[in-house]
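Q: Dropping in my_file_10.cif, which is mmCIF, C-alpha atoms:
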data_input
#
loop_
_atom_site.label_atom_id
_atom_site.label_comp_id
_atom_site.auth_asym_id
_atom_site.auth_seq_id
_atom_site.Cartn_x
_atom_site.Cartn_y
_atom_site.Cartn_z
CA MET F 1252 66.24 11.25 49.65
CA SER F 1253 67.02 12.71 53.07
CA ALA F 1254 67.72 16.12 51.55
CA ASN F 1255 64.42 16.08 49.68
CA GLY F 1256 62.52 14.95 52.77
CA SER F 1257 64.00 17.73 54.84
CA THR F 1258 63.01 20.28 52.18
CA MET F 1259 59.39 19.07 52.19
CA ARG F 1260 59.24 19.16 55.99
CA GLN F 1261 60.65 22.68 55.90
CA LEU F 1262 57.97 23.83 53.43
CA LEU F 1263 55.13 22.20 55.37
CA TRP F 1264 55.98 22.76 58.99
CA GLN F 1265 58.26 25.77 59.07
CA ASP F 1266 57.56 29.38 58.23
CA PRO F 1267 58.15 30.40 54.61
CA VAL F 1268 61.55 31.79 53.94
CA CYS F 1269 60.83 35.43 53.08
CA SER F 1270 63.22 38.29 53.35
CA GLY F 1271 60.36 40.50 54.46
CA TRP F 1272 56.63 41.08 54.12
CA LYS F 1273 55.23 44.06 52.30
CA GLN F 1274 53.61 46.56 54.51
CA ASP F 1275 51.36 48.01 51.81
CA LEU F 1276 48.70 46.20 49.75
CA GLU F 1277 48.68 45.59 46.00
CA GLY F 1278 47.12 48.13 43.69
CA ALA F 1279 43.45 48.40 42.74
CA VAL F 1280 44.01 46.61 39.40
CA TYR F 1281 45.08 43.43 41.21
CA HIS F 1282 41.96 43.38 43.39
CA LEU F 1283 39.75 44.19 40.40
CA ALA F 1284 41.25 41.25 38.50
CA ASN F 1285 40.43 38.88 41.35
CA CYS F 1286 36.88 40.19 41.56
CA PHE F 1287 36.36 39.45 37.85
CA LEU F 1288 37.84 35.98 38.26
CA LEU F 1289 35.52 35.28 41.17
CA LEU F 1290 32.48 36.34 39.16
CA GLY F 1291 33.64 34.26 36.21
CA PHE F 1292 33.96 31.04 38.18
CA MET F 1293 30.39 31.50 39.39
CA GLY F 1294 29.03 31.08 35.84
CA GLY F 1295 26.45 28.43 34.91
CA SER F 1296 26.10 25.92 32.09
CA GLY F 1297 24.68 26.19 28.61
CA VAL F 1298 25.54 28.59 25.83
CA TYR F 1299 24.76 31.77 27.74
CA GLY F 1300 26.46 30.37 30.84
CA CYS F 1301 29.63 29.88 28.76
CA PHE F 1302 29.35 33.46 27.54
CA TYR F 1303 29.15 34.63 31.15
CA LEU F 1304 32.05 32.41 32.27
CA PHE F 1305 34.57 33.22 29.56
CA GLY F 1306 33.56 36.88 29.45
CA PHE F 1307 34.41 37.52 33.10
CA LEU F 1308 37.48 35.26 33.05
CA GLY F 1309 38.88 37.03 30.01
CA THR F 1310 38.32 40.44 31.63
CA GLY F 1311 39.98 39.24 34.85
CA TYR F 1312 43.08 37.96 33.02
CA VAL F 1313 43.38 41.24 31.12
CA CYS F 1314 43.43 43.01 34.49
CA CYS F 1315 46.15 40.59 35.59
CA VAL F 1316 48.22 41.58 32.55
CA MET F 1317 47.86 45.23 33.51
CA TRP F 1318 48.80 44.44 37.11
CA GLY F 1319 51.90 42.51 36.05
CA TRP F 1320 52.93 45.33 33.70
CA PHE F 1321 52.41 48.32 36.01
CA ASP F 1322 52.78 46.98 39.58
CA ALA F 1323 54.37 43.52 39.80
CA CYS F 1324 56.78 44.12 36.91
CA GLY F 1325 57.03 40.38 36.28
CA LEU F 1326 57.42 38.97 32.80
CA ASP F 1327 56.03 35.56 33.74
CA ILE F 1328 52.89 37.14 35.22
CA ILE F 1329 52.34 39.15 32.05
CA LEU F 1330 52.87 36.15 29.71
CA TRP F 1331 50.64 33.70 31.60
CA SER F 1332 47.86 36.23 32.08
CA PHE F 1333 48.03 37.19 28.41
CA LEU F 1334 47.81 33.54 27.24
CA LEU F 1335 44.83 32.86 29.50
CA ALA F 1336 43.07 36.02 28.31
CA MET F 1337 43.59 35.04 24.65
CA ALA F 1338 42.23 31.54 25.33
CA CYS F 1339 39.04 33.06 26.77
CA LEU F 1340 38.67 35.39 23.79
CA PHE F 1341 39.10 32.52 21.31
CA GLN F 1342 36.47 30.53 23.18
CA LEU F 1343 34.05 33.47 22.97
CA ALA F 1344 34.66 33.78 19.23
CA HIS F 1345 33.94 30.07 18.79
CA LEU F 1346 30.64 30.42 20.67
CA VAL F 1347 29.59 33.37 18.49
CA TYR F 1348 30.41 31.36 15.35
CA ARG F 1349 28.31 28.41 16.52
CA LEU F 1350 25.37 30.66 17.33
CA ARG F 1351 25.48 32.37 13.94
CA LYS F 1352 25.77 29.00 12.19
CA ASN F 1353 22.73 27.56 13.95
CA THR F 1354 20.57 30.69 13.69
CA LEU F 1355 17.74 30.59 11.15
CA PRO F 1356 16.60 33.59 9.09
CA GLU F 1357 13.79 35.62 10.58
CA GLU F 1358 11.07 34.24 8.29
CA PHE F 1359 12.02 30.61 8.95
CA ASP F 1360 12.39 31.20 12.68
CA LEU F 1361 8.86 32.66 12.83
CA LEU F 1362 7.56 29.76 10.72
CA TYR F 1363 9.08 27.27 13.16
CA LYS F 1364 7.52 28.98 16.18
CA THR F 1365 4.10 29.24 14.49
CA LEU F 1366 3.76 25.92 12.68
CA CYS F 1367 6.27 23.37 13.99
CA LEU F 1368 6.94 24.27 17.61
CA PRO F 1369 3.30 23.59 18.70
CA LEU F 1370 3.72 20.11 17.18
CA GLN F 1371 7.00 19.64 19.11
CA VAL F 1372 9.03 19.14 15.94
CA PRO F 1373 12.77 18.92 16.79
CA LEU F 1374 14.83 21.82 15.56
CA GLN F 1375 17.27 19.53 13.76
CA VAL F 1376 14.41 17.97 11.77
CA TYR F 1377 13.09 21.41 10.91
CA LYS F 1378 16.54 22.41 9.62
CA GLU F 1379 16.47 19.45 7.22
CA ILE F 1380 13.10 20.66 5.90
CA VAL F 1381 14.44 24.20 5.50
CA HIS F 1382 17.59 22.90 3.81
CA CYS F 1383 15.39 21.15 1.22
CA CYS F 1384 13.94 24.50 0.11
CA GLU F 1385 17.44 26.07 0.13
CA GLU F 1386 16.31 28.78 2.60
CA GLN F 1387 14.92 30.90 -0.23
CA VAL F 1388 11.94 33.23 0.22
CA PHE F 1389 10.03 34.21 -2.93
CA THR F 1390 7.74 37.21 -3.37
CA LEU F 1391 4.59 38.00 -5.35
CA ALA F 1392 3.47 41.50 -6.27
CA THR F 1393 -0.17 42.55 -6.07
CA GLU F 1394 -2.29 40.86 -8.79
CA GLN F 1395 0.64 38.70 -9.83
CA THR F 1396 -0.33 35.10 -10.57
CA TYR F 1397 1.35 32.16 -8.88
CA ALA F 1398 -0.32 29.59 -11.12
CA VAL F 1399 -2.56 29.78 -14.19
CA GLU F 1400 -5.34 27.28 -14.78
CA GLY F 1401 -4.43 24.67 -17.39
CA GLU F 1402 -0.92 26.09 -17.99
CA THR F 1403 1.31 26.01 -14.90
CA PRO F 1404 2.83 22.56 -14.24
CA ILE F 1405 2.65 21.02 -10.77
CA ASN F 1406 6.35 20.81 -9.95
CA ARG F 1407 6.59 22.28 -6.42
CA LEU F 1408 4.87 22.67 -3.08
CA SER F 1409 4.62 26.18 -1.61
CA LEU F 1410 3.69 27.64 1.76
CA LEU F 1411 2.44 31.22 2.12
CA LEU F 1412 4.31 33.31 4.70
CA SER F 1413 2.59 36.67 4.36
CA GLY F 1414 -0.15 38.28 2.29
CA ARG F 1415 -3.34 36.81 0.83
CA VAL F 1416 -3.88 34.76 -2.34
CA ARG F 1417 -7.18 34.42 -4.23
CA VAL F 1418 -8.13 31.05 -5.76
CA SER F 1419 -10.49 31.04 -8.75
CA GLN F 1420 -11.56 28.84 -11.64
CA ASP F 1421 -13.03 30.08 -14.91
CA GLY F 1422 -13.17 33.54 -13.33
CA GLN F 1423 -15.29 32.30 -10.40
CA PHE F 1424 -13.95 32.94 -6.91
CA LEU F 1425 -13.46 29.84 -4.74
CA HIS F 1426 -11.65 30.79 -1.53
CA TYR F 1427 -8.66 32.63 -0.06
CA ILE F 1428 -5.28 31.35 1.07
CA PHE F 1429 -3.95 32.97 4.24
CA PRO F 1430 -0.45 33.01 5.84
CA TYR F 1431 0.97 29.67 6.96
CA GLN F 1432 -1.31 27.73 4.62
CA PHE F 1433 -0.14 25.65 1.67
CA MET F 1434 -0.83 27.20 -1.70
CA ASP F 1435 -1.08 24.00 -3.72
CA SER F 1436 -1.77 21.18 -1.27
CA PRO F 1437 -4.67 19.65 -3.31
CA GLU F 1438 -2.49 19.55 -6.42
CA TRP F 1439 0.32 17.91 -4.44
CA GLU F 1440 -2.00 15.19 -3.11
CA SER F 1441 -3.70 14.63 -6.48
CA LEU F 1442 -0.55 13.28 -8.19
CA GLN F 1443 1.74 10.36 -7.53
CA PRO F 1444 5.51 11.01 -7.47
CA SER F 1445 5.87 9.64 -11.01
CA GLU F 1446 2.88 11.55 -12.44
CA GLU F 1447 2.74 14.99 -14.01
CA GLY F 1448 -0.09 17.48 -14.23
CA VAL F 1449 -1.09 21.13 -14.47
CA PHE F 1450 -3.03 23.43 -12.18
CA GLN F 1451 -6.81 23.36 -12.53
CA VAL F 1452 -7.25 26.67 -10.69
CA THR F 1453 -5.71 30.14 -10.89
CA LEU F 1454 -3.89 31.57 -7.88
CA THR F 1455 -3.55 35.38 -7.79
CA ALA F 1456 -1.95 37.52 -5.11
CA GLU F 1457 -4.37 40.09 -3.73
CA THR F 1458 -1.63 41.78 -1.69
CA ALA F 1459 2.15 41.69 -1.63
CA CYS F 1460 2.98 38.10 -0.66
CA SER F 1461 6.00 36.07 0.34
CA TYR F 1462 6.26 32.30 0.28
CA ILE F 1463 8.69 29.42 0.39
CA SER F 1464 8.72 26.59 -2.12
CA TRP F 1465 10.02 23.01 -2.12
CA PRO F 1466 10.91 21.44 -5.50
CA ARG F 1467 8.75 18.38 -6.10
CA LYS F 1468 11.55 15.89 -6.73
CA SER F 1469 13.70 17.06 -3.83
CA LEU F 1470 10.80 16.95 -1.39
CA HIS F 1471 9.71 13.48 -2.54
CA LEU F 1472 13.28 12.28 -2.03
CA LEU F 1473 13.35 13.71 1.48
CA LEU F 1474 9.97 12.19 2.37
CA SER F 1475 11.09 8.78 1.13
CA LYS F 1476 14.20 8.90 3.33
CA GLU F 1477 12.75 10.42 6.53
CA ARG F 1478 9.61 8.69 7.78
CA TYR F 1479 9.01 11.26 10.53
CA ILE F 1480 9.05 14.15 8.04
CA SER F 1481 6.73 12.19 5.74
CA ARG F 1482 4.17 11.77 8.53
CA LEU F 1483 4.54 15.43 9.48
CA PHE F 1484 3.79 16.62 5.93
CA SER F 1485 0.90 14.17 5.64
CA ALA F 1486 -0.73 15.65 8.76
CA LEU F 1487 -0.09 19.25 7.70
CA LEU F 1488 -1.39 18.72 4.16
CA GLY F 1489 -4.49 16.86 5.35
CA TYR F 1490 -5.37 19.65 7.76
CA ASP F 1491 -4.77 22.26 5.06
CA ILE F 1492 -7.04 20.54 2.54
CA SER F 1493 -9.81 20.18 5.13
CA GLU F 1494 -9.56 23.91 5.84
CA LYS F 1495 -10.03 24.65 2.14
CA LEU F 1496 -13.07 22.35 1.98
CA TYR F 1497 -14.64 24.05 4.99
CA ALA F 1498 -14.01 27.41 3.33
CA LEU F 1499 -16.03 26.21 0.34
CA ASN F 1500 -18.68 24.90 2.72
CA ASP F 1501 -19.10 28.40 4.20
CA LYS F 1502 -19.34 29.80 0.68
CA LEU F 1503 -22.18 27.42 -0.16
CA PHE F 1504 -23.90 28.23 3.13
CA ALA F 1505 -23.93 31.90 2.18
CA LYS F 1506 -25.31 31.02 -1.25
CA PHE F 1507 -28.15 28.66 -0.31
CA GLY F 1508 -28.83 29.73 3.29
CA LEU F 1509 -28.38 26.14 4.53
CA ARG F 1510 -25.55 24.55 6.47
CA PHE F 1511 -24.11 21.50 4.70
CA ASP F 1512 -21.85 18.78 6.01
CA ILE F 1513 -18.83 17.90 3.87
CA ARG F 1514 -18.62 14.39 5.33
CA LEU F 1515 -21.81 13.09 3.64
CA PRO F 1516 -21.67 13.02 -0.19
CA SER F 1517 -25.43 12.81 -0.80
CA LEU F 1518 -26.37 16.17 -2.36
CA TYR F 1519 -23.63 16.43 -4.95
CA HIS F 1520 -26.08 16.62 -7.87
CA VAL F 1521 -28.03 19.41 -6.12
CA LEU F 1522 -25.04 21.66 -5.48
CA GLY F 1523 -23.33 21.07 -8.81
CA PRO F 1524 -23.96 23.28 -11.85
CA ALA F 1525 -26.95 22.39 -14.00
CA ALA F 1526 -26.20 20.44 -17.16
CA PRO F 1527 -27.12 22.08 -20.50
CA ASP F 1528 -29.65 19.36 -21.34
CA THR F 1529 -31.50 19.59 -18.04
CA GLY F 1530 -35.24 19.23 -18.55
CA PRO F 1531 -38.21 20.36 -16.48
CA GLU F 1532 -38.37 16.95 -14.78
CA SER F 1533 -34.88 17.28 -13.27
CA GLU F 1534 -35.65 20.85 -12.19
CA LYS F 1535 -38.75 19.58 -10.42
CA ASP F 1536 -36.69 16.90 -8.65
CA ASP F 1537 -34.14 19.48 -7.53
CA GLU F 1538 -36.90 21.68 -6.23
CA GLU F 1539 -38.34 18.79 -4.20
CA VAL F 1540 -34.93 18.03 -2.65
CA ARG F 1541 -34.45 21.66 -1.66
CA GLU F 1542 -37.90 21.84 -0.14
CA SER F 1543 -37.23 18.67 1.86
CA ALA F 1544 -34.04 20.24 3.25
CA MET F 1545 -35.87 23.41 4.38
CA PRO F 1546 -37.35 23.64 7.90
CA THR F 1547 -40.90 22.40 8.19
CA SER F 1548 -42.07 25.72 9.62
CA ALA F 1549 -41.21 27.47 6.38
CA GLN F 1550 -43.27 25.13 4.26
CA GLN F 1551 -46.91 25.99 3.63
CA THR F 1552 -49.50 23.23 3.77
CA PRO F 1553 -51.80 23.34 0.73
CA PRO F 1554 -55.57 23.20 1.39
CA ARG F 1555 -56.99 19.72 1.26
CA SER F 1556 -59.96 18.91 -0.92
CA PRO F 1557 -62.82 16.87 0.60
CA LEU F 1558 -62.35 13.16 0.10
CA PRO F 1559 -64.95 11.41 -2.02
CA ALA F 1560 -66.98 8.75 -0.35
CA ALA F 1561 -65.66 5.29 -1.01
CA SER F 1562 -66.48 1.90 0.30
CA GLY F 1563 -62.89 0.71 0.62
CA PRO F 1564 -59.90 2.25 2.40
CA PRO F 1565 -58.27 5.14 0.56
CA ALA F 1566 -55.24 4.32 -1.52
CA PRO F 1567 -51.93 5.89 -0.41
CA PRO F 1568 -50.93 8.92 -2.44
CA SER F 1569 -48.37 8.19 -5.08
CA ARG F 1570 -45.27 10.39 -4.77
CA ALA F 1571 -42.41 10.50 -7.20
CA ARG F 1572 -39.25 9.42 -5.49
CA MET F 1573 -35.79 10.21 -6.66
CA SER F 1574 -33.55 7.31 -7.51
CA ARG F 1575 -30.47 7.13 -5.29
CA PRO F 1576 -27.29 7.10 -7.35
CA ASP F 1577 -24.95 4.17 -7.17
CA SER F 1578 -21.90 4.42 -4.93
CA GLY F 1579 -19.76 3.79 -7.97
CA VAL F 1580 -21.36 6.73 -9.74
CA LEU F 1581 -20.72 8.97 -6.76
CA ALA F 1582 -17.15 7.80 -6.58
CA SER F 1583 -16.62 8.53 -10.25
CA ARG F 1584 -18.19 11.97 -9.86
CA THR F 1585 -16.36 13.10 -6.74
CA PRO F 1586 -12.81 11.71 -6.54
CA LEU F 1587 -11.25 13.11 -3.39
CA HIS F 1588 -7.83 13.44 -4.96
CA SER F 1589 -8.86 15.92 -7.68
CA TYR F 1590 -8.90 19.57 -6.74
CA SER F 1591 -11.08 20.63 -9.66
CA GLN F 1592 -13.90 18.32 -8.57
CA VAL F 1593 -13.44 18.73 -4.82
CA VAL F 1594 -13.00 22.45 -4.38
CA SER F 1595 -14.15 24.13 -7.60
CA ARG F 1596 -17.50 25.56 -8.69
CA GLY F 1597 -19.04 24.57 -5.41
CA GLN F 1598 -18.99 20.90 -6.46
CA ALA F 1599 -17.71 19.76 -3.11
CA PRO F 1600 -19.14 16.52 -1.72
CA LEU F 1601 -21.47 18.29 0.65
CA ALA F 1602 -24.68 17.21 2.38
CA PRO F 1603 -27.11 18.70 4.89
CA THR F 1604 -26.23 18.22 8.53
CA HIS F 1605 -29.61 16.52 9.14
CA THR F 1606 -30.74 13.56 7.08
CA PRO F 1607 -34.48 13.50 6.22
CA GLU F 1608 -36.34 10.46 7.38
CA LEU F 1609 -37.18 7.93 4.69
#
Kindly return the structure encoded in the file as structure tokens.

A:
Amino acid sequence: MSANGSTMRQLLWQDPVCSGWKQDLEGAVYHLANCFLLLGFMGGSGVYGCFYLFGFLGTGYVCCVMWGWFDACGLDIILWSFLLAMACLFQLAHLVYRLRKNTLPEEFDLLYKTLCLPLQVPLQVYKEIVHCCEEQVFTLATEQTYAVEGETPINRLSLLLSGRVRVSQDGQFLHYIFPYQFMDSPEWESLQPSEEGVFQVTLTAETACSYISWPRKSLHLLLSKERYISRLFSALLGYDISEKLYALNDKLFAKFGLRFDIRLPSLYHVLGPAAPDTGPESEKDDEEVRESAMPTSAQQTPPRSPLPAASGPPAPPSRARMSRPDSGVLASRTPLHSYSQVVSRGQAPLAPTHTPEL
């Protein structure tokens, strides 16, 4: 114990036992190695901070290997510096592997920034949604059909990434589908998970298009497991369907010259196509409804004939009044879950933005 204590006191309080100090300094490689080590230890946190840290440390230890080989001529210096340099290189390789594993393809990364990032959807949740569609991007050539009316089964849900798709029924144009809109959201909402059906419209690509598609069963399974994803798809699909209805509303505005409101289903029979057995009486009723919806300034007042003299007060003029359809009839005519009756042939449940006084 006394020998050990004397050795410690000699190391702490006495000058180091050196045969002699070098008069010249170490070479430039030694000082360069220390500069790299200093810069490396100043690195920050995070993924890019780790890249900075291990990059400069690895370079500094490589310089130490060169210094031990050319100047110091010490095997222990070479071995330790080499091991530390290899550890830094392995750490850099691990970081690159993690980045490549977590990186999404370009189309899905742009979709996340456009559609999900404004809604603050976590990236991990978005990866589960992408994994459900197997990260596959499909393409459509110009004038190639995505779905044919009455033939294509409803077995998937697709989202357009680029291009433009035309929606029509019986050869009549309905509306367009633009990038980052669902291609078959009304069909998806019209069926229960256990039901089957076919498209009631035809979807044709007007330009070269690309889209992603979720299989129906796989997506229903994911929505049943993840409540957050189910609410997210419910919000996205509801907004998409409302956009399609407003597109049809603009189409009807251009046709009739009047602005209608899709929230009030009171002029369904006016906007719908005429039945084959329509008589002159129904045409007269339709004409009266259209005239009542027009501004009063555009209507011309017919000349009044002089009233005959009468002893009593004049009787009020009799005017034919249209019978208001039952709510049950309206509900049976315009079910909101059917795409063919909601967004086809202009038979949307539309009404004028101003209600005439009764």

Q: What does the distance between CA of Cys1339 (chain F) and CA of Tyr1303 (chain F) come to in Å, to one decimal place?

A: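 Atom-to-atom, CA of Cys1339 (chain F) to CA of Tyr1303 (chain F), that is 10.9 Å.
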
Q: List the residues matched by the PyMOL selection byres ((chain F and resi 1350-1364) around 9) in the displayed structure as a list of chain:residue names, ordered by chain and then by residue number.

A: F:Val1298, F:His1345, F:Leu1346, F:Val1347, F:Tyr1348, F:Arg1349, F:Thr1365, F:Leu1366, F:Cys1367, F:Leu1368, F:Pro1369, F:Val1372, F:Leu1374, F:Tyr1377, F:Lys1378, F:Val1381, F:Glu1386, F:Val1388, F:Leu1412, F:Tyr1431

Q: Expanded to explicit residues, what is the PyMOL selection byres ((chain F and resi 1450) around 6) for this file, as a list in words?

A: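 Evaluating the PyMOL selection byres ((chain F and resi 1450) around 6) on these coordinates yields Glu1400, Gly1401, Thr1403, Val1449, Gln1451 and Val1452 of chain F.
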
Q: Just C-alpha atoms for this one: save the residues we selected as a PDB file, keeping the file's coordinate frame.

A:
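Done, and the output landed in part-v8.pdb:
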ATOM      1  CA  GLU F1400      -5.340  27.280 -14.780  1.00  0.00           C
ATOM      2  CA  GLY F1401      -4.430  24.670 -17.390  1.00  0.00           C
ATOM      3  CA  THR F1403       1.310  26.010 -14.900  1.00  0.00           C
ATOM      4  CA  VAL F1449      -1.090  21.130 -14.470  1.00  0.00           C
ATOM      5  CA  GLN F1451      -6.810  23.360 -12.530  1.00  0.00           C
ATOM      6  CA  VAL F1452      -7.250  26.670 -10.690  1.00  0.00           C
TER       7      VAL F1452
END

Q: Which is closer to Phe1433 (chain F) than all the others in F:Val1376, F:Cys1384, F:Val1399, F:Ile1492, using all atoms listed in the file?

A: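 Once distances to Phe1433 (chain F) are computed over all atoms listed in the file, the minimum belongs to F:Ile1492.
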
Q: Excluding same-chain residues fewer than 4 positions from Lys1468 (chain F), what lies within 9 Å of it counting only C-alpha atoms, as a PyMOL selection string?

A: chain F and resi 1406-1407+1444+1472-1473

Q: Quick check, in Å to one decimal: how far apart do CA of Phe1305 (chain F) and CA of Trp1320 (chain F) lie?

A: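 Atom-to-atom, CA of Phe1305 (chain F) to CA of Trp1320 (chain F), that is 22.4 Å.
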
Q: When you draw a straight line from CA of Leu1474 (chain F) to CA of Arg1417 (chain F), how long is it in Å?

A: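 The value is 28.8 Å.
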
Q: Let me know the residues the PyMOL selection byres ((chain F and resi 1277) around 12) catches in the file above, as a PDB file with C-alpha atoms, in the coordinates of the input.

A:
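Okay, this is what ended up in out-v8.pdb:
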ATOM      1  CA  LYS F1273      55.230  44.060  52.300  1.00  0.00           C
ATOM      2  CA  GLN F1274      53.610  46.560  54.510  1.00  0.00           C
ATOM      3  CA  ASP F1275      51.360  48.010  51.810  1.00  0.00           C
ATOM      4  CA  LEU F1276      48.700  46.200  49.750  1.00  0.00           C
ATOM      5  CA  GLY F1278      47.120  48.130  43.690  1.00  0.00           C
ATOM      6  CA  ALA F1279      43.450  48.400  42.740  1.00  0.00           C
ATOM      7  CA  VAL F1280      44.010  46.610  39.400  1.00  0.00           C
ATOM      8  CA  TYR F1281      45.080  43.430  41.210  1.00  0.00           C
ATOM      9  CA  HIS F1282      41.960  43.380  43.390  1.00  0.00           C
ATOM     10  CA  LEU F1283      39.750  44.190  40.400  1.00  0.00           C
ATOM     11  CA  ALA F1284      41.250  41.250  38.500  1.00  0.00           C
ATOM     12  CA  ASN F1285      40.430  38.880  41.350  1.00  0.00           C
ATOM     13  CA  CYS F1315      46.150  40.590  35.590  1.00  0.00           C
ATOM     14  CA  TRP F1318      48.800  44.440  37.110  1.00  0.00           C
ATOM     15  CA  GLY F1319      51.900  42.510  36.050  1.00  0.00           C
ATOM     16  CA  PHE F1321      52.410  48.320  36.010  1.00  0.00           C
ATOM     17  CA  ASP F1322      52.780  46.980  39.580  1.00  0.00           C
ATOM     18  CA  ALA F1323      54.370  43.520  39.800  1.00  0.00           C
TER      19      ALA F1323
END
